[in-house]
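Before any comments, here is the structure.
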Amino acid sequence: MNTMTYSKRLNDRKMDELRPIEAKVGVIERADGSAMFKIGNTWAYASVYGPRNLYPKFMQDPQSGILRVNYNMMPFSGSGERVRPGANRRAKEISMVSEKALLPVLDLKEFPNSVVDVFIELPQTEAGSRCAGICAASMALADAGLNMKDLVAAVSVGRVDDKLLVDLDYSEEAYEDGPVADIPIAMMPQSGKITLLQMDGEVTKEDLRKAIGMGKEACGRIYEVMKKALKEKYEVQ
Amino acid sequence: MYNELRSHVLKLLKADTRLDGRRATEYREPIKVEQGIICTAEGSARVTIGGTQVMVGVKLEIGEPFPDRPDEGTIMVGAELLPLSNPDFELGPPSIQAVELARVVDRGIRESKAVDFKSLCIEPGEKVWLVIIDICPINDAGNLFDASALAALAALKNTRFPKVEDGKISYKEKTNKGMKVVKDPVSVTVCKVGDALIVDPLTEEEKIIDARLTVASTADGTLCALQKGGSMPLSVEDVEKMVAIGISKGKELRVALER
């Protein structure tokens, strides 16, 4: 029986403490909207192009514009070996769940037969890259001037040994002296509704409820950072 | 397709000016080189030339040497024209433009012998270092060639070897041993529009040029790689002029690297 407990985080953070965040809007001139979101060593860029014409034509929806999200890790962004360029199964899945995470805040009915493309690129990662990507993408969508009900904030919460905590880093995801659960969550901070939820590891349903509560609170803090970054770009000097 | 744009650019060039007010052989400002920006790479750099921004990361792997070069490691250059950086770039396998960009950057480094491949040998005939250089444009506002070549060189100079234990790389631990880069090959792409020669083209200018010549040279003015592009021919005199511009402008870019 393992008697060790994860009483103090390996990175000295408090249980509900996020890594330092840096957020900036309008970082890619050629894009219609763009943003950068850095949390600890995880660094995401997102650019938005569109609404623009969608080809091939059979993909067009005459009722509404569509959203297309692509998540990609740069070849040198992994902490180990080089990541082979191009879509792999993991990137495809993350692209898809990120798309679903962002779609509920958009209304693309005004743009039939068009597409809004979101490209998420990660130059550097250390856990929580899909969440950082979603935060960057949501700011980029707002920067592109699209109608949005809300922003989307995302963070991973989880369990390491007997503790629930927020924004796991690599050392915590890889913790071996006890069970770990990694739960990426994306939320619409104003309504508190969840737009992305994944989990791997093991956790009880009580702990899951508590972890989601912690995630909601953390998303609220991220939301403030995102709003501030957006206001900074559009502030009248 | 871009006839109006072309005649407009030509008219401006007659008065020695361009779409953004620059002279024909003037680079955009700022030219900025930032090294060591990515902690997951063994070496990295971000280069800004005007509105264009390119990131390059270097990853190191251990592999087997080529049978005919048992005591030499090697370099590999990859480029991905990320659709994030330009509305005209598409997802998918590397386009011919990406392949050309990677190969031209590769040749500048390889042929100048900027990296001594023998210094990448770990165990002759068995184990050598593979140096993988990946080019990722963040914002493509023109002239990816020169920005990428400069970023690749800066990233190489920033590269530190990771620790090796029992033949395996421990990527988390970097040693104090840096990559030895003995030459500074820098690329300058000179473009011909009508009778004029320009450097550092904007995206709009790239659409209407007749021909281009990328000139890679080292600090002592030795040429180490050339690549002609565009669909119109060049005269011998054109080439001579373009090479001269390439060498002299290369010196300016090298200053940015040392700043």
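Note on naming: chains are A, B, ... as they come in the structure tokens, residues start from 1 per chain, ligands start from 1 in the order shown.
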
Using only C-alpha atoms, select each residue of chain A with any atom at most 8 Å away from an atom of chain B, and give the selection as a list in words.
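That gives the following set of residues: Ile28, Glu29, Arg30, Ala31, Asn41, Ala46, Ser47, Val48, Tyr49, Met74, Pro75, Phe76, Ser77, Gly78, Ser79, Gly80, Glu81, Arg82, Pro85, Gly86, Val118, Phe119, Ile120, Glu121, Pro123, Gln124 and Thr125 of chain A.
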
Export N, CA and C atoms of the chosen residues as an mmCIF file, in the first residue's frame?
```cif
data_model
loop_
_atom_site.group_PDB
_atom_site.id
_atom_site.type_symbol
_atom_site.label_atom_id
_atom_site.label_comp_id
_atom_site.auth_asym_id
_atom_site.auth_seq_id
_atom_site.Cartn_x
_atom_site.Cartn_y
_atom_site.Cartn_z
ATOM 1 N N ILE A 28 -0.548 38.171 -35.670
ATOM 2 C CA ILE A 28 -0.240 37.727 -37.040
ATOM 3 C C ILE A 28 -0.978 38.644 -38.007
ATOM 4 N N GLU A 29 -0.215 39.562 -38.594
ATOM 5 C CA GLU A 29 -0.810 40.616 -39.422
ATOM 6 C C GLU A 29 -1.652 40.112 -40.578
ATOM 7 N N ARG A 30 -1.212 39.042 -41.209
ATOM 8 C CA ARG A 30 -1.905 38.606 -42.422
ATOM 9 C C ARG A 30 -3.250 37.952 -42.125
ATOM 10 N N ALA A 31 -3.447 37.525 -40.904
ATOM 11 C CA ALA A 31 -4.695 36.841 -40.559
ATOM 12 C C ALA A 31 -5.812 37.854 -40.342
ATOM 13 N N ASN A 41 5.210 26.712 -19.949
ATOM 14 C CA ASN A 41 6.018 26.460 -21.144
ATOM 15 C C ASN A 41 5.180 26.079 -22.358
ATOM 16 N N ALA A 46 -2.838 31.248 -32.684
ATOM 17 C CA ALA A 46 -3.995 30.889 -33.501
ATOM 18 C C ALA A 46 -4.245 32.009 -34.490
ATOM 19 N N SER A 47 -4.581 31.630 -35.715
ATOM 20 C CA SER A 47 -5.029 32.648 -36.655
ATOM 21 C C SER A 47 -6.345 32.218 -37.272
ATOM 22 N N VAL A 48 -7.153 33.225 -37.593
ATOM 23 C CA VAL A 48 -8.475 32.993 -38.178
ATOM 24 C C VAL A 48 -8.489 33.618 -39.567
ATOM 25 N N TYR A 49 -8.943 32.835 -40.553
ATOM 26 C CA TYR A 49 -9.145 33.360 -41.899
ATOM 27 C C TYR A 49 -10.600 33.141 -42.278
ATOM 28 N N MET A 74 4.343 22.163 -33.858
ATOM 29 C CA MET A 74 5.523 22.363 -34.694
ATOM 30 C C MET A 74 6.517 21.228 -34.403
ATOM 31 N N PRO A 75 7.350 20.868 -35.402
ATOM 32 C CA PRO A 75 8.195 19.679 -35.241
ATOM 33 C C PRO A 75 9.116 19.729 -34.012
ATOM 34 N N PHE A 76 9.456 20.938 -33.560
ATOM 35 C CA PHE A 76 10.408 21.064 -32.451
ATOM 36 C C PHE A 76 9.714 21.389 -31.127
ATOM 37 N N SER A 77 8.375 21.224 -31.095
ATOM 38 C CA SER A 77 7.621 21.688 -29.927
ATOM 39 C C SER A 77 7.473 20.645 -28.819
ATOM 40 N N GLY A 78 7.875 19.407 -29.096
ATOM 41 C CA GLY A 78 7.723 18.362 -28.085
ATOM 42 C C GLY A 78 8.938 18.300 -27.167
ATOM 43 N N SER A 79 8.721 17.819 -25.939
ATOM 44 C CA SER A 79 9.850 17.807 -25.001
ATOM 45 C C SER A 79 10.826 16.668 -25.308
ATOM 46 N N GLY A 80 10.412 15.701 -26.096
ATOM 47 C CA GLY A 80 11.309 14.602 -26.451
ATOM 48 C C GLY A 80 11.782 14.703 -27.883
ATOM 49 N N GLU A 81 11.558 13.617 -28.632
ATOM 50 C CA GLU A 81 11.996 13.590 -30.026
ATOM 51 C C GLU A 81 11.225 14.567 -30.900
ATOM 52 N N ARG A 82 11.762 14.808 -32.086
ATOM 53 C CA ARG A 82 11.089 15.663 -33.053
ATOM 54 C C ARG A 82 9.725 15.075 -33.392
ATOM 55 N N PRO A 85 6.180 16.148 -38.960
ATOM 56 C CA PRO A 85 5.182 17.108 -39.446
ATOM 57 C C PRO A 85 3.992 16.410 -40.102
ATOM 58 N N GLY A 86 2.872 17.122 -40.124
ATOM 59 C CA GLY A 86 1.680 16.583 -40.768
ATOM 60 C C GLY A 86 0.716 16.035 -39.746
ATOM 61 N N VAL A 118 -9.704 28.171 -38.644
ATOM 62 C CA VAL A 118 -8.886 28.485 -37.465
ATOM 63 C C VAL A 118 -7.666 27.570 -37.492
ATOM 64 N N PHE A 119 -6.480 28.163 -37.488
ATOM 65 C CA PHE A 119 -5.252 27.367 -37.458
ATOM 66 C C PHE A 119 -4.552 27.585 -36.131
ATOM 67 N N ILE A 120 -4.387 26.502 -35.395
ATOM 68 C CA ILE A 120 -3.703 26.559 -34.097
ATOM 69 C C ILE A 120 -2.321 25.930 -34.278
ATOM 70 N N GLU A 121 -1.295 26.665 -33.920
ATOM 71 C CA GLU A 121 0.075 26.158 -34.034
ATOM 72 C C GLU A 121 0.770 26.257 -32.692
ATOM 73 N N PRO A 123 4.408 26.259 -30.982
ATOM 74 C CA PRO A 123 5.866 26.249 -31.114
ATOM 75 C C PRO A 123 6.549 25.502 -29.966
ATOM 76 N N GLN A 124 5.869 25.405 -28.819
ATOM 77 C CA GLN A 124 6.497 24.826 -27.627
ATOM 78 C C GLN A 124 5.382 24.270 -26.744
ATOM 79 N N THR A 125 5.541 23.024 -26.265
ATOM 80 C CA THR A 125 4.478 22.463 -25.431
ATOM 81 C C THR A 125 5.031 21.798 -24.181
#
```

Which polymer residues have any atom within 8 Å of an atom of Ala256 of chain B, counting only C-alpha atoms, with same-chain residues fewer than 5 positions away left out, as an NGL selection string?
:B and (31-33)

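Backbone DSSP over segment 46-75 of chain A gives strand (DSSP E or B) for Ala46, Ser47, Val48, Tyr49, Gly50, Pro51, Arg52, Asn53, Ile66, Leu67, Arg68, Val69, Asn70, Tyr71, Asn72 and Met73 of chain A.
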
Restricting it to N, CA and C atoms, dump the selection as a PDB file, in the first residue's frame.
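And here's selection_10.pdb as it stands now:
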```pdb
ATOM      1  N   ALA A  46      -2.838  31.248 -32.684  1.00  0.00           N
ATOM      2  CA  ALA A  46      -3.995  30.889 -33.501  1.00  0.00           C
ATOM      3  C   ALA A  46      -4.245  32.009 -34.490  1.00  0.00           C
ATOM      4  N   SER A  47      -4.581  31.630 -35.715  1.00  0.00           N
ATOM      5  CA  SER A  47      -5.029  32.648 -36.655  1.00  0.00           C
ATOM      6  C   SER A  47      -6.345  32.218 -37.272  1.00  0.00           C
ATOM      7  N   VAL A  48      -7.153  33.225 -37.593  1.00  0.00           N
ATOM      8  CA  VAL A  48      -8.475  32.993 -38.178  1.00  0.00           C
ATOM      9  C   VAL A  48      -8.489  33.618 -39.567  1.00  0.00           C
ATOM     10  N   TYR A  49      -8.943  32.835 -40.553  1.00  0.00           N
ATOM     11  CA  TYR A  49      -9.145  33.360 -41.899  1.00  0.00           C
ATOM     12  C   TYR A  49     -10.600  33.141 -42.278  1.00  0.00           C
ATOM     13  N   GLY A  50     -11.267  34.217 -42.645  1.00  0.00           N
ATOM     14  CA  GLY A  50     -12.654  34.069 -43.068  1.00  0.00           C
ATOM     15  C   GLY A  50     -13.578  34.975 -42.282  1.00  0.00           C
ATOM     16  N   PRO A  51     -14.895  34.878 -42.541  1.00  0.00           N
ATOM     17  CA  PRO A  51     -15.519  33.918 -43.459  1.00  0.00           C
ATOM     18  C   PRO A  51     -14.994  34.093 -44.900  1.00  0.00           C
ATOM     19  N   ARG A  52     -14.658  32.973 -45.535  1.00  0.00           N
ATOM     20  CA  ARG A  52     -14.197  33.010 -46.919  1.00  0.00           C
ATOM     21  C   ARG A  52     -14.838  31.873 -47.697  1.00  0.00           C
ATOM     22  N   ASN A  53     -14.694  31.936 -49.019  1.00  0.00           N
ATOM     23  CA  ASN A  53     -15.333  30.920 -49.859  1.00  0.00           C
ATOM     24  C   ASN A  53     -14.839  29.526 -49.509  1.00  0.00           C
ATOM     25  N   ILE A  66     -19.457  27.349 -42.069  1.00  0.00           N
ATOM     26  CA  ILE A  66     -18.953  26.278 -41.208  1.00  0.00           C
ATOM     27  C   ILE A  66     -17.632  26.711 -40.571  1.00  0.00           C
ATOM     28  N   LEU A  67     -17.317  26.044 -39.473  1.00  0.00           N
ATOM     29  CA  LEU A  67     -16.065  26.306 -38.760  1.00  0.00           C
ATOM     30  C   LEU A  67     -15.134  25.124 -39.016  1.00  0.00           C
ATOM     31  N   ARG A  68     -13.862  25.446 -39.286  1.00  0.00           N
ATOM     32  CA  ARG A  68     -12.887  24.385 -39.510  1.00  0.00           C
ATOM     33  C   ARG A  68     -11.678  24.699 -38.644  1.00  0.00           C
ATOM     34  N   VAL A  69     -11.322  23.774 -37.769  1.00  0.00           N
ATOM     35  CA  VAL A  69     -10.203  24.030 -36.850  1.00  0.00           C
ATOM     36  C   VAL A  69      -9.098  23.014 -37.118  1.00  0.00           C
ATOM     37  N   ASN A  70      -7.878  23.500 -37.170  1.00  0.00           N
ATOM     38  CA  ASN A  70      -6.743  22.595 -37.313  1.00  0.00           C
ATOM     39  C   ASN A  70      -5.710  22.863 -36.222  1.00  0.00           C
ATOM     40  N   TYR A  71      -5.386  21.800 -35.489  1.00  0.00           N
ATOM     41  CA  TYR A  71      -4.398  21.867 -34.406  1.00  0.00           C
ATOM     42  C   TYR A  71      -3.115  21.225 -34.893  1.00  0.00           C
ATOM     43  N   ASN A  72      -1.999  21.893 -34.711  1.00  0.00           N
ATOM     44  CA  ASN A  72      -0.729  21.327 -35.162  1.00  0.00           C
ATOM     45  C   ASN A  72       0.411  21.664 -34.222  1.00  0.00           C
ATOM     46  N   MET A  73       1.201  20.658 -33.883  1.00  0.00           N
ATOM     47  CA  MET A  73       2.415  20.897 -33.109  1.00  0.00           C
ATOM     48  C   MET A  73       3.575  21.104 -34.071  1.00  0.00           C
TER      49      MET A  73
END
```

Long-range neighbours of Gly220 of chain A as a list of chain:residue names, 12 Å cut-off, only C-alpha atoms, 4 positions minimum in chain:
A:Leu18, A:Leu151, A:Val152, A:Ala153, A:Ala154, A:Val155, A:Ala186, A:Met187, A:Met188, A:Pro189, A:Gln190, A:Ser191, A:Gly192, A:Lys193, A:Gly213, A:Met214, A:Gly215, A:Lys216, A:Glu224, A:Val225, A:Met226, A:Lys227

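Within 6 Å of Leu120 of chain B, once only C-alpha atoms are used and residues closer than 4 positions along the same chain are dropped, the contacting residues are B:Gly73, B:Val128, B:Trp129.
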
Using the selection just defined, write its residues with C-alpha atoms as a compact mmCIF listing (two decimals), in the first residue's frame.
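That gives us again_32.txt:
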```txt
# COMPACT_ATOMS: atom_id res chain seq x y z
CA GLY B 73 26.80 13.36 -39.17
CA VAL B 128 26.32 10.20 -35.56
CA TRP B 129 24.24 13.27 -34.79
```

So what do you get for atom CA of Ile194 of chain A versus atom CA of Gly145 of chain A, distance-wise?
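Answer for the atom CA of Ile194 of chain A to atom CA of Gly145 of chain A separation: 23.2 Å.
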
Near Leu13 of chain B, within 12 Å and counting only C-alpha atoms, which residues show up once chain neighbours fewer than 6 positions away are dropped, as number ranges by chain?
B: 6-7, 19-25, 192-198, 205

Write a file of the selected residues as a PDB file, in the first residue's frame, keeping C-alpha atoms.
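Final file, result-v6.pdb:
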```pdb
ATOM      1  CA  ARG B   6       2.712  45.128 -62.090  1.00  0.00           C
ATOM      2  CA  SER B   7       2.485  48.360 -64.055  1.00  0.00           C
ATOM      3  CA  LEU B  19       4.701  50.044 -52.614  1.00  0.00           C
ATOM      4  CA  ASP B  20       5.843  50.689 -49.051  1.00  0.00           C
ATOM      5  CA  GLY B  21       8.107  53.650 -49.916  1.00  0.00           C
ATOM      6  CA  ARG B  22      11.365  51.722 -49.843  1.00  0.00           C
ATOM      7  CA  ARG B  23      14.151  52.071 -52.392  1.00  0.00           C
ATOM      8  CA  ALA B  24      14.877  49.154 -54.734  1.00  0.00           C
ATOM      9  CA  THR B  25      17.714  47.597 -52.746  1.00  0.00           C
ATOM     10  CA  LYS B 192      13.922  41.308 -61.300  1.00  0.00           C
ATOM     11  CA  VAL B 193      10.824  43.289 -62.308  1.00  0.00           C
ATOM     12  CA  GLY B 194      11.039  44.825 -65.776  1.00  0.00           C
ATOM     13  CA  ASP B 195      14.514  46.338 -65.821  1.00  0.00           C
ATOM     14  CA  ALA B 196      14.709  46.904 -62.081  1.00  0.00           C
ATOM     15  CA  LEU B 197      16.386  44.752 -59.435  1.00  0.00           C
ATOM     16  CA  ILE B 198      14.878  44.742 -55.952  1.00  0.00           C
ATOM     17  CA  GLU B 205       5.805  42.147 -55.282  1.00  0.00           C
TER      18      GLU B 205
END
```

Which neighbours of segment 143-156 of chain B fall inside 9 Å, counting only C-alpha atoms, when residues of the same chain fewer than 4 positions from it are skipped, and could you give them as a PyMOL selection string?
chain B and resi 33-36+42-49+52-58+77+79+101-102+104-106+108-109+114-115+131+133-137+160+179-181+184-189+199-203+206+214+216+253-254+257

May I have all residues of segment 11-202 of chain A that DSSP, computed from the backbone, assigns to helix (DSSP H, G or I), given as JSON, numbers by chain?
{"A": [57, 58, 59, 89, 90, 91, 92, 93, 94, 95, 96, 97, 98, 99, 100, 101, 102, 103, 104, 105, 129, 130, 131, 132, 133, 134, 135, 136, 137, 138, 139, 140, 141, 142, 143, 170, 171, 172, 173]}

Using the selection just defined, write its residues with C-alpha atoms as a compact mmCIF listing (two decimals), in the first residue's frame.
```
# COMPACT_ATOMS: atom_id res chain seq x y z
CA LYS A 57 -18.32 23.10 -53.28
CA PHE A 58 -20.00 19.97 -51.94
CA MET A 59 -18.74 20.95 -48.47
CA ARG A 89 -4.35 10.66 -35.27
CA ARG A 90 -3.85 12.68 -32.10
CA ALA A 91 -3.76 16.02 -33.95
CA LYS A 92 -6.87 15.08 -35.94
CA GLU A 93 -8.82 14.24 -32.80
CA ILE A 94 -7.71 17.40 -31.01
CA SER A 95 -8.65 19.47 -34.07
CA MET A 96 -12.11 17.94 -33.99
CA VAL A 97 -12.78 18.40 -30.26
CA SER A 98 -11.40 21.94 -30.40
CA GLU A 99 -13.79 22.72 -33.25
CA LYS A 100 -16.71 21.44 -31.16
CA ALA A 101 -15.43 23.44 -28.19
CA LEU A 102 -15.52 26.70 -30.14
CA LEU A 103 -18.63 26.22 -32.27
CA PRO A 104 -21.25 26.90 -29.55
CA VAL A 105 -20.18 30.55 -29.14
CA SER A 129 -1.64 22.27 -25.31
CA ARG A 130 -5.21 21.70 -26.52
CA CYS A 131 -6.49 24.05 -23.80
CA ALA A 132 -3.93 26.74 -24.68
CA GLY A 133 -4.88 26.31 -28.34
CA ILE A 134 -8.57 26.80 -27.60
CA CYS A 135 -7.87 29.96 -25.56
CA ALA A 136 -5.76 31.40 -28.40
CA ALA A 137 -8.38 30.41 -30.98
CA SER A 138 -11.23 31.96 -29.04
CA MET A 139 -9.38 35.30 -28.75
CA ALA A 140 -8.47 35.12 -32.46
CA LEU A 141 -12.15 34.59 -33.39
CA ALA A 142 -13.09 37.67 -31.36
CA ASP A 143 -10.23 39.60 -32.99
CA TYR A 170 4.39 17.51 -17.50
CA SER A 171 5.81 16.30 -14.18
CA GLU A 172 2.27 15.87 -12.84
CA GLU A 173 0.89 14.16 -15.94
```

Atom CA of Glu204 of chain B and atom CA of Arg103 of chain B are how many Å apart?
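Computing the Euclidean distance for atom CA of Glu204 of chain B and atom CA of Arg103 of chain B yields 23.7 Å.
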
Could you please determine the separation between atom CA of Pro62 of chain A and atom CA of Phe111 of chain A in Å, to one decimal place?
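Atom CA of Phe111 of chain A lies 8.7 Å from atom CA of Pro62 of chain A.
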
Which neighbours of Gly246 of chain B fall inside 7 Å, counting only C-alpha atoms, when residues of the same chain fewer than 2 positions from it are skipped, and could you give them as a count of residues only?
10

Could you check the closest approach to Asp117 of chain A for each of B:Glu111, B:Glu240, B:Glu90, B:Glu252 and tell me which residue wins, using only C-alpha atoms?
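Of B:Glu111, B:Glu240, B:Glu90, B:Glu252, the one nearest Asp117 of chain A is B:Glu90, counting only C-alpha atoms.
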